[in-house]
>>> print(open('final-v6.pdb').read())   # PDB, C-alpha atoms and all ligand atoms
ATOM      1  CA  MET A   1     110.894  91.441 103.901
ATOM      2  CA  LEU A   2     109.585  94.731 102.581
ATOM      3  CA  ASP A   3     112.307  96.865 104.184
ATOM      4  CA  ARG A   4     114.504  97.032 101.108
ATOM      5  CA  TYR A   5     111.631  98.287  98.934
ATOM      6  CA  ILE A   6     110.429 100.751 101.557
ATOM      7  CA  ASN A   7     113.944 102.186 101.812
ATOM      8  CA  LEU A   8     114.242 102.518  98.035
ATOM      9  CA  LEU A   9     110.940 104.401  97.861
ATOM     10  CA  LYS A  10     111.916 106.677 100.746
ATOM     11  CA  ALA A  11     115.198 107.393  98.953
ATOM     12  CA  GLY A  12     113.302 108.592  95.866
ATOM     13  CA  GLN A  13     113.743 105.402  93.818
ATOM     14  CA  ILE A  14     111.035 103.484  91.955
ATOM     15  CA  ILE A  15     109.948  99.878  92.496
ATOM     16  CA  ALA A  16     107.278  97.532  91.147
ATOM     17  CA  PHE A  17     104.668  96.158  93.543
ATOM     18  CA  PRO A  18     101.483  94.108  93.262
ATOM     19  CA  THR A  19      97.947  95.452  93.395
ATOM     20  CA  GLU A  20      94.775  93.439  92.837
ATOM     21  CA  THR A  21      94.495  94.801  89.263
ATOM     22  CA  VAL A  22      98.013  94.741  87.748
ATOM     23  CA  TYR A  23     101.536  95.421  89.062
ATOM     24  CA  GLY A  24     102.216  99.112  89.667
ATOM     25  CA  LEU A  25     105.401 101.134  89.234
ATOM     26  CA  GLY A  26     105.525 103.076  92.476
ATOM     27  CA  ALA A  27     107.108 106.392  93.389
ATOM     28  CA  ASP A  28     106.561 108.806  96.296
ATOM     29  CA  ALA A  29     103.639 110.994  95.177
ATOM     30  CA  TRP A  30     105.296 114.074  96.749
ATOM     31  CA  ASN A  31     108.745 113.608  95.190
ATOM     32  CA  LEU A  32     109.101 115.273  91.804
ATOM     33  CA  SER A  33     112.359 113.627  90.775
ATOM     34  CA  ALA A  34     111.117 110.175  91.810
ATOM     35  CA  ILE A  35     107.995 110.662  89.682
ATOM     36  CA  GLN A  36     110.126 111.804  86.759
ATOM     37  CA  LYS A  37     111.867 108.400  86.986
ATOM     38  CA  VAL A  38     108.492 106.716  86.474
ATOM     39  CA  PHE A  39     107.875 108.641  83.257
ATOM     40  CA  ASP A  40     111.438 107.949  82.060
ATOM     41  CA  ALA A  41     111.369 104.227  82.870
ATOM     42  CA  LYS A  42     108.041 103.716  81.119
ATOM     43  CA  ASN A  43     108.690 106.212  78.339
ATOM     44  CA  ARG A  44     105.267 107.551  79.274
ATOM     45  CA  PRO A  45     103.956 110.699  77.558
ATOM     46  CA  ALA A  46     104.011 113.648  79.979
ATOM     47  CA  ASP A  47     100.372 114.504  79.212
ATOM     48  CA  ASN A  48      99.159 111.206  80.689
ATOM     49  CA  PRO A  49      98.305 111.817  84.367
ATOM     50  CA  LEU A  50      99.050 109.301  87.129
ATOM     51  CA  ILE A  51      96.836 107.672  89.724
ATOM     52  CA  VAL A  52      97.764 108.321  93.362
ATOM     53  CA  HIS A  53      97.518 105.212  95.552
ATOM     54  CA  ILE A  54      96.590 105.668  99.207
ATOM     55  CA  SER A  55      95.864 103.485 102.224
ATOM     56  CA  SER A  56      93.857 105.784 104.488
ATOM     57  CA  ARG A  57      91.271 108.544 104.391
ATOM     58  CA  GLU A  58      93.854 110.893 105.891
ATOM     59  CA  MET A  59      96.006 110.368 102.797
ATOM     60  CA  LEU A  60      93.062 111.237 100.546
ATOM     61  CA  HIS A  61      92.834 114.631 102.235
ATOM     62  CA  GLN A  62      96.409 115.440 101.211
ATOM     63  CA  PHE A  63      95.112 115.567  97.621
ATOM     64  CA  THR A  64      91.529 116.851  97.747
ATOM     65  CA  ASP A  65      89.061 118.517 100.045
ATOM     66  CA  GLU A  66      86.105 118.340  97.680
ATOM     67  CA  ILE A  67      84.409 115.008  98.218
ATOM     68  CA  PRO A  68      80.870 114.846  96.830
ATOM     69  CA  GLU A  69      78.265 112.781  98.664
ATOM     70  CA  GLY A  70      78.090 110.163  95.922
ATOM     71  CA  ALA A  71      81.856 109.711  96.109
ATOM     72  CA  GLU A  72      81.580 109.060  99.867
ATOM     73  CA  LYS A  73      79.112 106.274  99.136
ATOM     74  CA  LEU A  74      81.371 104.791  96.467
ATOM     75  CA  MET A  75      84.402 104.849  98.737
ATOM     76  CA  THR A  76      82.438 103.125 101.471
ATOM     77  CA  ALA A  77      81.215 100.493  99.014
ATOM     78  CA  PHE A  78      84.334  99.829  96.935
ATOM     79  CA  TRP A  79      87.480 100.981  98.778
ATOM     80  CA  PRO A  80      89.866  99.346  99.198
ATOM     81  CA  GLY A  81      89.344  98.059  95.666
ATOM     82  CA  PRO A  82      89.711  98.473  91.896
ATOM     83  CA  LEU A  83      87.939 101.846  91.587
ATOM     84  CA  THR A  84      89.833 105.071  90.790
ATOM     85  CA  LEU A  85      88.035 108.325  91.571
ATOM     86  CA  ILE A  86      88.893 111.712  90.085
ATOM     87  CA  PHE A  87      88.529 114.671  92.441
ATOM     88  CA  LYS A  88      89.187 118.413  92.273
ATOM     89  CA  LYS A  89      92.800 118.667  93.424
ATOM     90  CA  LYS A  90      94.336 120.746  96.171
ATOM     91  CA  PRO A  91      96.634 123.478  94.832
ATOM     92  CA  ASP A  92      99.903 121.924  96.013
ATOM     93  CA  VAL A  93      99.442 118.553  94.252
ATOM     94  CA  LEU A  94     102.368 118.271  91.829
ATOM     95  CA  ASP A  95     101.641 119.122  88.198
ATOM     96  CA  ILE A  96     103.669 116.134  87.063
ATOM     97  CA  VAL A  97     101.076 113.883  88.769
ATOM     98  CA  THR A  98      98.020 115.488  87.183
ATOM     99  CA  ALA A  99      99.568 116.511  83.842
ATOM    100  CA  GLY A 100      98.585 120.057  84.740
ATOM    101  CA  LEU A 101      94.850 119.264  85.124
ATOM    102  CA  ASP A 102      92.888 120.740  88.033
ATOM    103  CA  THR A 103      91.833 117.245  89.099
ATOM    104  CA  VAL A 104      93.631 114.282  90.655
ATOM    105  CA  ALA A 105      92.954 110.547  90.331
ATOM    106  CA  VAL A 106      93.070 108.517  93.573
ATOM    107  CA  ARG A 107      92.666 104.847  94.433
ATOM    108  CA  TRP A 108      92.955 102.759  97.611
ATOM    109  CA  PRO A 109      94.179  99.373  96.397
ATOM    110  CA  GLY A 110      93.025  96.198  98.113
ATOM    111  CA  HIS A 111      96.175  94.078  97.889
ATOM    112  CA  PRO A 112      97.621  93.654 101.411
ATOM    113  CA  LEU A 113     101.221  94.192 100.228
ATOM    114  CA  SER A 114     100.351  97.455  98.491
ATOM    115  CA  GLN A 115      98.579  98.582 101.645
ATOM    116  CA  ASP A 116     101.597  97.765 103.826
ATOM    117  CA  ILE A 117     103.966  99.615 101.526
ATOM    118  CA  ILE A 118     101.784 102.715 101.241
ATOM    119  CA  ALA A 119     101.098 102.773 104.985
ATOM    120  CA  ARG A 120     104.868 102.846 105.600
ATOM    121  CA  VAL A 121     105.977 105.203 102.809
ATOM    122  CA  GLY A 122     102.961 107.435 102.189
ATOM    123  CA  PRO A 123     100.950 107.957  99.006
ATOM    124  CA  LEU A 124     102.482 106.554  95.817
ATOM    125  CA  VAL A 125     101.853 107.298  92.184
ATOM    126  CA  ALA A 126     101.658 103.934  90.453
ATOM    127  CA  PRO A 127     100.943 103.500  86.767
ATOM    128  CA  SER A 128     101.226  99.963  85.477
ATOM    129  CA  ALA A 129     104.794  98.599  85.672
ATOM    130  CA  ASN A 130     105.336  98.157  81.926
ATOM    131  CA  SER A 131     106.963 100.141  79.144
ATOM    132  CA  SER A 132     104.341 102.365  77.508
ATOM    133  CA  GLY A 133     102.819 100.483  74.603
ATOM    134  CA  LYS A 134     103.224  97.047  76.210
ATOM    135  CA  PRO A 135     100.389  95.292  78.016
ATOM    136  CA  SER A 136     100.147  95.886  81.751
ATOM    137  CA  PRO A 137     102.087  93.348  83.818
ATOM    138  CA  THR A 138     100.142  90.688  85.650
ATOM    139  CA  LYS A 139     103.226  88.630  86.653
ATOM    140  CA  PRO A 140     106.751  89.524  87.842
ATOM    141  CA  GLU A 141     108.183  88.000  84.611
ATOM    142  CA  HIS A 142     106.371  90.651  82.558
ATOM    143  CA  ILE A 143     108.124  93.415  84.488
ATOM    144  CA  LYS A 144     111.503  91.736  83.990
ATOM    145  CA  GLU A 145     110.815  91.565  80.241
ATOM    146  CA  ASP A 146     110.358  95.332  80.135
ATOM    147  CA  PHE A 147     112.770  96.592  82.830
ATOM    148  CA  GLY A 148     115.378  93.833  83.140
ATOM    149  CA  GLU A 149     116.148  90.959  85.514
ATOM    150  CA  HIS A 150     117.451  93.170  88.311
ATOM    151  CA  PHE A 151     114.610  95.639  88.578
ATOM    152  CA  PRO A 152     113.308  95.797  92.184
ATOM    153  CA  ILE A 153     109.970  93.979  92.297
ATOM    154  CA  VAL A 154     107.892  93.015  95.306
ATOM    155  CA  GLU A 155     106.978  89.622  93.907
ATOM    156  CA  ALA A 156     103.562  88.125  94.666
ATOM    157  CA  GLY A 157     102.696  85.837  91.765
ATOM    158  CA  GLU A 158      99.871  86.660  89.378
ATOM    159  CA  THR A 159      97.591  89.607  90.034
ATOM    160  CA  GLN A 160      94.010  88.646  90.736
ATOM    161  CA  ILE A 161      91.960  90.781  88.337
ATOM    162  CA  GLY A 162      94.402  91.299  85.477
ATOM    163  CA  LEU A 163      92.842  94.498  84.022
ATOM    164  CA  GLU A 164      93.347  98.074  85.220
ATOM    165  CA  SER A 165      90.943  99.817  87.611
ATOM    166  CA  THR A 166      87.634 101.432  86.709
ATOM    167  CA  VAL A 167      88.203 105.219  86.355
ATOM    168  CA  LEU A 168      85.277 107.454  87.395
ATOM    169  CA  ASP A 169      85.295 111.261  87.456
ATOM    170  CA  VAL A 170      83.410 112.491  90.529
ATOM    171  CA  SER A 171      84.471 116.123  90.008
ATOM    172  CA  VAL A 172      81.715 116.585  87.434
ATOM    173  CA  SER A 173      77.957 116.174  87.638
ATOM    174  CA  PRO A 174      76.738 113.654  86.651
ATOM    175  CA  PHE A 175      79.764 111.469  87.368
ATOM    176  CA  ARG A 176      81.547 110.292  84.237
ATOM    177  CA  LEU A 177      83.086 106.877  83.526
ATOM    178  CA  TYR A 178      86.363 107.171  81.584
ATOM    179  CA  ARG A 179      87.631 103.620  81.792
ATOM    180  CA  PRO A 180      85.589 100.485  82.473
ATOM    181  CA  GLY A 181      87.003  97.894  84.856
ATOM    182  CA  SER A 182      85.799  95.091  87.061
ATOM    183  CA  ILE A 183      83.460  97.492  88.881
ATOM    184  CA  GLY A 184      80.776  98.283  86.300
ATOM    185  CA  GLN A 185      78.329 101.077  85.527
ATOM    186  CA  ASN A 186      75.378  99.277  87.157
ATOM    187  CA  GLN A 187      77.200  98.684  90.420
ATOM    188  CA  ILE A 188      78.173 102.356  90.579
ATOM    189  CA  GLU A 189      74.655 103.566  89.783
ATOM    190  CA  ASN A 190      73.136 101.219  92.351
ATOM    191  CA  ILE A 191      75.324 102.688  95.073
ATOM    192  CA  ILE A 192      74.833 106.369  94.254
ATOM    193  CA  GLU A 193      71.210 105.909  93.149
ATOM    194  CA  LYS A 194      71.799 108.181  90.159
ATOM    195  CA  ALA A 195      72.672 107.736  86.497
ATOM    196  CA  ILE A 196      76.270 108.313  85.422
ATOM    197  CA  GLU A 197      77.577 109.229  81.980
ATOM    198  CA  VAL A 198      79.784 106.869  80.072
ATOM    199  CA  ASP A 199      82.382 108.224  77.685
ATOM    200  CA  GLU A 200      81.411 107.124  74.174
ATOM    201  CA  LYS A 201      83.454 104.005  73.507
ATOM    202  CA  ASN A 202      85.899 105.352  76.086
ATOM    203  CA  ASP A 203      87.683 106.805  73.125
ATOM    204  CA  GLY A 204      90.347 109.440  73.719
ATOM    205  CA  GLU A 205      89.362 111.650  70.826
ATOM    206  CA  LYS A 206      85.908 111.933  72.307
ATOM    207  CA  SER A 207      87.131 112.212  75.877
ATOM    208  CA  PRO A 208      89.993 114.658  76.004
ATOM    209  CA  ARG A 209      89.184 114.967  79.718
ATOM    210  CA  SER A 210      90.997 111.725  80.449
ATOM    211  CA  PRO A 211      94.182 112.023  78.430
ATOM    212  CA  GLY A 212      95.415 108.483  79.021
ATOM    213  CA  THR A 213      92.418 106.910  77.347
ATOM    214  CA  LYS A 214      93.643 108.058  73.941
ATOM    215  CA  TYR A 215      96.743 105.878  74.132
ATOM    216  CA  SER A 216      96.633 102.311  72.934
ATOM    217  CA  HIS A 217      97.786 100.081  75.766
ATOM    218  CA  TYR A 218      99.436  97.681  73.419
ATOM    219  CA  SER A 219     100.329  97.328  69.787
ATOM    220  CA  PRO A 220     101.556  93.764  69.624
ATOM    221  CA  ASP A 221     103.678  92.443  66.809
ATOM    222  CA  ALA A 222     100.820  90.021  66.350
ATOM    223  CA  ARG A 223      97.681  91.602  64.917
ATOM    224  CA  VAL A 224      94.660  91.500  67.159
ATOM    225  CA  GLN A 225      91.340  90.911  65.385
ATOM    226  CA  TRP A 226      87.786  90.060  66.271
ATOM    227  CA  LEU A 227      86.954  86.552  65.117
ATOM    228  CA  THR A 228      84.236  86.502  62.472
ATOM    229  CA  GLU A 229      81.403  84.112  63.248
ATOM    230  CA  GLY A 230      81.637  80.782  61.445
ATOM    231  CA  THR A 231      85.282  81.192  60.419
ATOM    232  CA  PRO A 232      87.030  77.855  60.852
ATOM    233  CA  LEU A 233      89.836  77.743  63.405
ATOM    234  CA  HIS A 234      93.324  77.045  62.044
ATOM    235  CA  SER A 235      96.435  76.143  63.899
ATOM    236  CA  GLU A 236      99.532  77.752  62.469
ATOM    237  CA  ASN A 237     100.822  80.979  63.975
ATOM    238  CA  LEU A 238      97.411  81.970  65.190
ATOM    239  CA  LEU A 239      96.047  82.298  68.701
ATOM    240  CA  TYR A 240      92.330  82.098  69.445
ATOM    241  CA  LEU A 241      90.666  83.408  72.571
ATOM    242  CA  LEU A 242      87.100  82.070  72.784
ATOM    243  CA  HIS A 243      84.541  82.540  75.538
ATOM    244  CA  GLN A 244      81.287  81.052  74.153
ATOM    245  CA  ARG A 245      82.104  79.155  70.989
ATOM    246  CA  ILE A 246      83.165  75.647  71.963
ATOM    247  CA  PRO A 247      86.233  74.530  69.983
ATOM    248  CA  GLU A 248      85.734  71.315  68.027
ATOM    249  CA  GLU A 249      89.071  69.937  69.135
ATOM    250  CA  PRO A 250      91.369  71.068  71.896
ATOM    251  CA  ALA A 251      94.636  72.664  70.750
ATOM    252  CA  ASP A 252      97.419  74.666  72.405
ATOM    253  CA  ASN A 253      96.595  77.737  70.345
ATOM    254  CA  ILE A 254      92.876  77.708  71.193
ATOM    255  CA  ILE A 255      92.026  79.039  74.621
ATOM    256  CA  PHE A 256      88.435  78.499  75.666
ATOM    257  CA  PHE A 257      87.185  80.454  78.685
ATOM    258  CA  ASP A 258      83.668  78.972  78.756
ATOM    259  CA  HIS A 259      81.822  82.156  79.853
ATOM    260  CA  ASP A 260      84.357  82.773  82.609
ATOM    261  CA  TYR A 261      85.094  86.474  82.109
ATOM    262  CA  GLU A 262      87.043  86.694  85.333
ATOM    263  CA  GLU A 263      89.454  84.111  83.995
ATOM    264  CA  MET A 264      89.594  85.775  80.569
ATOM    265  CA  ALA A 265      90.459  89.137  82.170
ATOM    266  CA  HIS A 266      92.968  87.426  84.443
ATOM    267  CA  GLN A 267      94.798  85.890  81.476
ATOM    268  CA  LEU A 268      94.375  88.467  78.681
ATOM    269  CA  TYR A 269      97.649  90.410  78.990
ATOM    270  CA  ASP A 270      99.688  87.284  79.640
ATOM    271  CA  ARG A 271      98.217  85.699  76.498
ATOM    272  CA  PHE A 272      99.092  88.847  74.529
ATOM    273  CA  ARG A 273     102.697  88.658  75.690
ATOM    274  CA  GLN A 274     102.895  84.915  75.036
ATOM    275  CA  ALA A 275     101.601  85.421  71.503
ATOM    276  CA  ASP A 276     104.516  87.714  70.721
ATOM    277  CA  GLN A 277     107.010  85.376  72.324
ATOM    278  CA  ASN A 278     105.692  82.508  70.227
ATOM    279  CA  ASP A 279     105.700  84.627  67.065
ATOM    280  CA  TYR A 280     102.002  84.269  66.531
ATOM    281  CA  GLN A 281     100.872  86.254  63.516
ATOM    282  CA  THR A 282      97.338  87.074  64.632
ATOM    283  CA  ILE A 283      95.313  86.850  67.822
ATOM    284  CA  PHE A 284      91.661  86.208  66.996
ATOM    285  CA  ILE A 285      89.259  87.048  69.788
ATOM    286  CA  GLU A 286      85.601  86.077  69.861
ATOM    287  CA  PRO A 287      83.535  89.311  69.914
ATOM    288  CA  LEU A 288      81.930  90.487  73.164
ATOM    289  CA  SER A 289      78.422  91.652  72.227
ATOM    290  CA  PRO A 290      76.826  94.835  73.620
ATOM    291  CA  ALA A 291      74.240  92.641  75.401
ATOM    292  CA  LEU A 292      76.984  90.632  77.075
ATOM    293  CA  GLN A 293      78.820  93.808  78.053
ATOM    294  CA  LYS A 294      75.678  95.118  79.728
ATOM    295  CA  LYS A 295      75.422  91.968  81.788
ATOM    296  CA  GLU A 296      79.090  91.451  82.641
ATOM    297  CA  PRO A 297      81.230  94.435  83.691
ATOM    298  CA  LEU A 298      84.378  92.478  82.896
ATOM    299  CA  ALA A 299      83.146  91.823  79.343
ATOM    300  CA  GLU A 300      82.874  95.594  78.939
ATOM    301  CA  ALA A 301      86.383  96.102  80.317
ATOM    302  CA  LEU A 302      87.719  93.329  78.061
ATOM    303  CA  TYR A 303      86.031  94.893  75.028
ATOM    304  CA  ASN A 304      87.623  98.247  75.863
ATOM    305  CA  ARG A 305      91.169  96.865  76.222
ATOM    306  CA  ILE A 306      90.915  94.569  73.186
ATOM    307  CA  SER A 307      89.519  97.385  70.998
ATOM    308  CA  LYS A 308      92.543  99.488  71.931
ATOM    309  CA  ALA A 309      94.870  96.666  70.941
ATOM    310  CA  ILE A 310      93.051  96.448  67.588
ATOM    311  CA  ASP A 311      93.201 100.182  66.614
TER     312      ASP A 311
HETATM  313  P1  LIG B 401      97.295 104.030  84.136
HETATM  314  O1  LIG B 401      98.285 104.151  83.048
HETATM  315  O2  LIG B 401      96.578 102.720  84.110
HETATM  316  O3  LIG B 401      97.804 104.360  85.481
HETATM  317  O4  LIG B 401      96.183 105.081  83.722
HETATM  318  C1  LIG B 401      95.735 106.166  84.419
HETATM  319  C2  LIG B 401      94.432 106.552  83.782
HETATM  320  O5  LIG B 401      93.773 107.480  84.625
HETATM  321  C3  LIG B 401      94.616 107.213  82.425
HETATM  322  O6  LIG B 401      93.627 106.742  81.539
HETATM  323  C4  LIG B 401      94.404 108.686  82.737
HETATM  324  O7  LIG B 401      93.876 109.405  81.650
HETATM  325  C5  LIG B 401      93.421 108.626  83.892
HETATM  326  N1  LIG B 401      93.590 109.787  84.752
HETATM  327  C6  LIG B 401      94.505 109.974  85.707
HETATM  328  N2  LIG B 401      94.374 111.187  86.286
HETATM  329  C7  LIG B 401      93.338 111.779  85.664
HETATM  330  C8  LIG B 401      92.698 113.045  85.797
HETATM  331  N3  LIG B 401      93.098 113.942  86.702
HETATM  332  N4  LIG B 401      91.659 113.326  84.979
HETATM  333  C9  LIG B 401      91.228 112.410  84.077
HETATM  334  N5  LIG B 401      91.799 111.203  83.898
HETATM  335  C10 LIG B 401      92.834 110.885  84.676
HETATM  336 MG    MG B 402      99.172 101.481  82.054
END
>>> encode(input="final-v6.pdb", output="structure tokens")
Amino acid sequence: MLDRYINLLKAGQIIAFPTETVYGLGADAWNLSAIQKVFDAKNRPADNPLIVHISSREMLHQFTDEIPEGAEKLMTAFWPGPLTLIFKKKPDVLDIVTAGLDTVAVRWPGHPLSQDIIARVGPLVAPSANSSGKPSPTKPEHIKEDFGEHFPIVEAGETQIGLESTVLDVSVSPFRLYRPGSIGQNQIENIIEKAIEVDEKNDGEKSPRSPGTKYSHYSPDARVQWLTEGTPLHSENLLYLLHQRIPEEPADNIIFFDHDYEEMAHQLYDRFRQADQNDYQTIFIEPLSPALQKKEPLAEALYNRISKAID
């Protein structure tokens, strides 16, 4: 069933495939012209480096030979899984992958289909399979919206997590978190038994070390705003995403997640896309407090992605 996609990748073409976070747009990580197609298809800025996806430790060694002890522990604990690690790169890693940096980002995804594909083709670069500026795709339909009906997609329904991986730089000491994801600061610190640094607000201006973090993931036609406490909920042209505040009456435009941050993360990008399709004017989202973010890694990841949609 995968043969067609494997052959396309081996021939230097690009395809979309599922991971546990979001769908990726894959290309052979050692094929310059294939990787160029990824940038062209997405209209991705050339200074935004790509994550290499692997499915074995042997593949990791194609890209780095500097693996700090703490990184070993993290790989044992979280790979395969939604954690991207940034290592010092080997000299022959293509500049187009790293945007000319001396480091390379690597992840071993957990989705069985991504593992099969990578095991058969070799390491793949795989940014999210969306046009730059659109939300990451969590369903095949999202990819078709951006790249057309006939784009080659390994279809596997909705992705489980729905937000992009945690990105942690292990080439510096202490390790530095550039992008929060479903694996949180506490879990990382518990494994390495050391404190890590967190980029202030994960804001690009303050973290030029991770170029991609400066780009908004999505500027919807609908405005995204934090919902002010006590504001009554209206119906017309507005979408509400609530997680604690219980709506007085159920309505199609009020989505209540009832403290289920996994479900909120799972649905966020799909709700963003739906809002634009339904011509909603504004998406109001109930704020995620600092205390909540400390407790729930996904609340921190949600806050990060929503803040970027608001800027
Ligand atoms: P994505 O578009 O989800 O694939 O994003 C990749 C993320 O990883 C972006 O935020 C990049 O800035 C970050 N990234 C990739 N490679 C590196 C690297 N070598 N150093 C720092 N950040 C990186
Ligand atoms: Mg992306």
>>> residues_near_ligand(input="final-v6.pdb", ligand="ligand MG 402 (chain B)", cutoff="10 Å", atoms="all atoms listed in the file", output="number ranges by chain")
A: 22-25, 42, 44, 48, 50, 126-137, 163-164, 212-213, 215-218
>>> residues_near_ligand(input="final-v6.pdb", ligand="ligand LIG 401 (chain B)", cutoff="8 Å", atoms="all atoms listed in the file", output="PyMOL selection string")
chain A and resi 48-51+84+86-87+97-99+101-106+126-128+164-165+167+169+178-179+209-214
>>> residues_near_point(input="final-v6.pdb", point="(82.0, 70.0, 65.6)", cutoff="12 Å", atoms="only C-alpha atoms", output="PDB file with C-alpha atoms, in the coordinates of the input")
ATOM      1  CA  GLY A 230      81.637  80.782  61.445  1.00  0.00           C
ATOM      2  CA  PRO A 232      87.030  77.855  60.852  1.00  0.00           C
ATOM      3  CA  LEU A 233      89.836  77.743  63.405  1.00  0.00           C
ATOM      4  CA  ARG A 245      82.104  79.155  70.989  1.00  0.00           C
ATOM      5  CA  ILE A 246      83.165  75.647  71.963  1.00  0.00           C
ATOM      6  CA  PRO A 247      86.233  74.530  69.983  1.00  0.00           C
ATOM      7  CA  GLU A 248      85.734  71.315  68.027  1.00  0.00           C
ATOM      8  CA  GLU A 249      89.071  69.937  69.135  1.00  0.00           C
ATOM      9  CA  PRO A 250      91.369  71.068  71.896  1.00  0.00           C
TER      10      PRO A 250
END
>>> atom_distance(input="final-v6.pdb", atom1="atom CA of Tyr303 of chain A", atom2="atom CA of Tyr280 of chain A")
21.0 Å
>>> atom_distance(input="final-v6.pdb", atom1="atom CA of Glu263 of chain A", atom2="atom CA of Leu298 of chain A")
9.8 Å
>>> residues_around(input="final-v6.pdb", residues="Ala34 of chain A", least_positions_apart="4", cutoff="12 Å", atoms="all atoms listed in the file", output="ChimeraX atom specification")
/A:8-15,25-30,38-41,94,96-97,124-126
>>> write_last_selection(input="final-v6.pdb", atoms="C-alpha atoms", output="CSV table (one decimal), in the frame of the given file")
chain,number,residue,atom,x,y,z
A,8,LEU,CA,114.2,102.5,98.0
A,9,LEU,CA,110.9,104.4,97.9
A,10,LYS,CA,111.9,106.7,100.7
A,11,ALA,CA,115.2,107.4,99.0
A,12,GLY,CA,113.3,108.6,95.9
A,13,GLN,CA,113.7,105.4,93.8
A,14,ILE,CA,111.0,103.5,92.0
A,15,ILE,CA,109.9,99.9,92.5
A,25,LEU,CA,105.4,101.1,89.2
A,26,GLY,CA,105.5,103.1,92.5
A,27,ALA,CA,107.1,106.4,93.4
A,28,ASP,CA,106.6,108.8,96.3
A,29,ALA,CA,103.6,111.0,95.2
A,30,TRP,CA,105.3,114.1,96.7
A,38,VAL,CA,108.5,106.7,86.5
A,39,PHE,CA,107.9,108.6,83.3
A,40,ASP,CA,111.4,107.9,82.1
A,41,ALA,CA,111.4,104.2,82.9
A,94,LEU,CA,102.4,118.3,91.8
A,96,ILE,CA,103.7,116.1,87.1
A,97,VAL,CA,101.1,113.9,88.8
A,124,LEU,CA,102.5,106.6,95.8
A,125,VAL,CA,101.9,107.3,92.2
A,126,ALA,CA,101.7,103.9,90.5
>>> residues_around(input="final-v6.pdb", residues="Glu296 of chain A", least_positions_apart="3", cutoff="9 Å", atoms="only C-alpha atoms", output="count of residues only")
9
>>> closest_residue(input="final-v6.pdb", among="A:Pro180, A:Pro290, A:Pro140, A:Gly122", to="Thr166 of chain A", atoms="only C-alpha atoms")
A:Pro180
>>> atom_distance(input="final-v6.pdb", atom1="atom CA of Glu262 of chain A", atom2="atom CA of His243 of chain A")
10.9 Å
>>> residues_around(input="final-v6.pdb", residues="His266 of chain A", least_positions_apart="2", cutoff="6 Å", atoms="all atoms listed in the file", output="NGL selection string")
:A and (161-162 or 263-264)
>>> resolve_selection(input="final-v6.pdb", expression="the PyMOL selection byres (((chain A and resi 271) around 12) and not hetatm)", output="PDB file with C-alpha atoms, in the frame of the given file")
ATOM      1  CA  PRO A 135     100.389  95.292  78.016  1.00  0.00           C
ATOM      2  CA  SER A 136     100.147  95.886  81.751  1.00  0.00           C
ATOM      3  CA  PRO A 137     102.087  93.348  83.818  1.00  0.00           C
ATOM      4  CA  THR A 138     100.142  90.688  85.650  1.00  0.00           C
ATOM      5  CA  LYS A 139     103.226  88.630  86.653  1.00  0.00           C
ATOM      6  CA  HIS A 142     106.371  90.651  82.558  1.00  0.00           C
ATOM      7  CA  GLY A 162      94.402  91.299  85.477  1.00  0.00           C
ATOM      8  CA  PRO A 220     101.556  93.764  69.624  1.00  0.00           C
ATOM      9  CA  ALA A 222     100.820  90.021  66.350  1.00  0.00           C
ATOM     10  CA  VAL A 224      94.660  91.500  67.159  1.00  0.00           C
ATOM     11  CA  LEU A 238      97.411  81.970  65.190  1.00  0.00           C
ATOM     12  CA  LEU A 239      96.047  82.298  68.701  1.00  0.00           C
ATOM     13  CA  TYR A 240      92.330  82.098  69.445  1.00  0.00           C
ATOM     14  CA  LEU A 241      90.666  83.408  72.571  1.00  0.00           C
ATOM     15  CA  ASP A 252      97.419  74.666  72.405  1.00  0.00           C
ATOM     16  CA  ASN A 253      96.595  77.737  70.345  1.00  0.00           C
ATOM     17  CA  ILE A 254      92.876  77.708  71.193  1.00  0.00           C
ATOM     18  CA  ILE A 255      92.026  79.039  74.621  1.00  0.00           C
ATOM     19  CA  GLU A 263      89.454  84.111  83.995  1.00  0.00           C
ATOM     20  CA  MET A 264      89.594  85.775  80.569  1.00  0.00           C
ATOM     21  CA  ALA A 265      90.459  89.137  82.170  1.00  0.00           C
ATOM     22  CA  HIS A 266      92.968  87.426  84.443  1.00  0.00           C
ATOM     23  CA  GLN A 267      94.798  85.890  81.476  1.00  0.00           C
ATOM     24  CA  LEU A 268      94.375  88.467  78.681  1.00  0.00           C
ATOM     25  CA  TYR A 269      97.649  90.410  78.990  1.00  0.00           C
ATOM     26  CA  ASP A 270      99.688  87.284  79.640  1.00  0.00           C
ATOM     27  CA  PHE A 272      99.092  88.847  74.529  1.00  0.00           C
ATOM     28  CA  ARG A 273     102.697  88.658  75.690  1.00  0.00           C
ATOM     29  CA  GLN A 274     102.895  84.915  75.036  1.00  0.00           C
ATOM     30  CA  ALA A 275     101.601  85.421  71.503  1.00  0.00           C
ATOM     31  CA  ASP A 276     104.516  87.714  70.721  1.00  0.00           C
ATOM     32  CA  GLN A 277     107.010  85.376  72.324  1.00  0.00           C
ATOM     33  CA  ASN A 278     105.692  82.508  70.227  1.00  0.00           C
ATOM     34  CA  TYR A 280     102.002  84.269  66.531  1.00  0.00           C
ATOM     35  CA  THR A 282      97.338  87.074  64.632  1.00  0.00           C
ATOM     36  CA  ILE A 283      95.313  86.850  67.822  1.00  0.00           C
ATOM     37  CA  PHE A 284      91.661  86.208  66.996  1.00  0.00           C
ATOM     38  CA  ILE A 285      89.259  87.048  69.788  1.00  0.00           C
ATOM     39  CA  ILE A 306      90.915  94.569  73.186  1.00  0.00           C
TER      40      ILE A 306
END
>>> resolve_selection(input="final-v6.pdb", expression="the PyMOL selection byres (((chain A and resi 67) around 12) and not hetatm)", output="PyMOL selection string")
chain A and resi 57+60-61+63-66+68-75+85-90+103-104+106+169-172
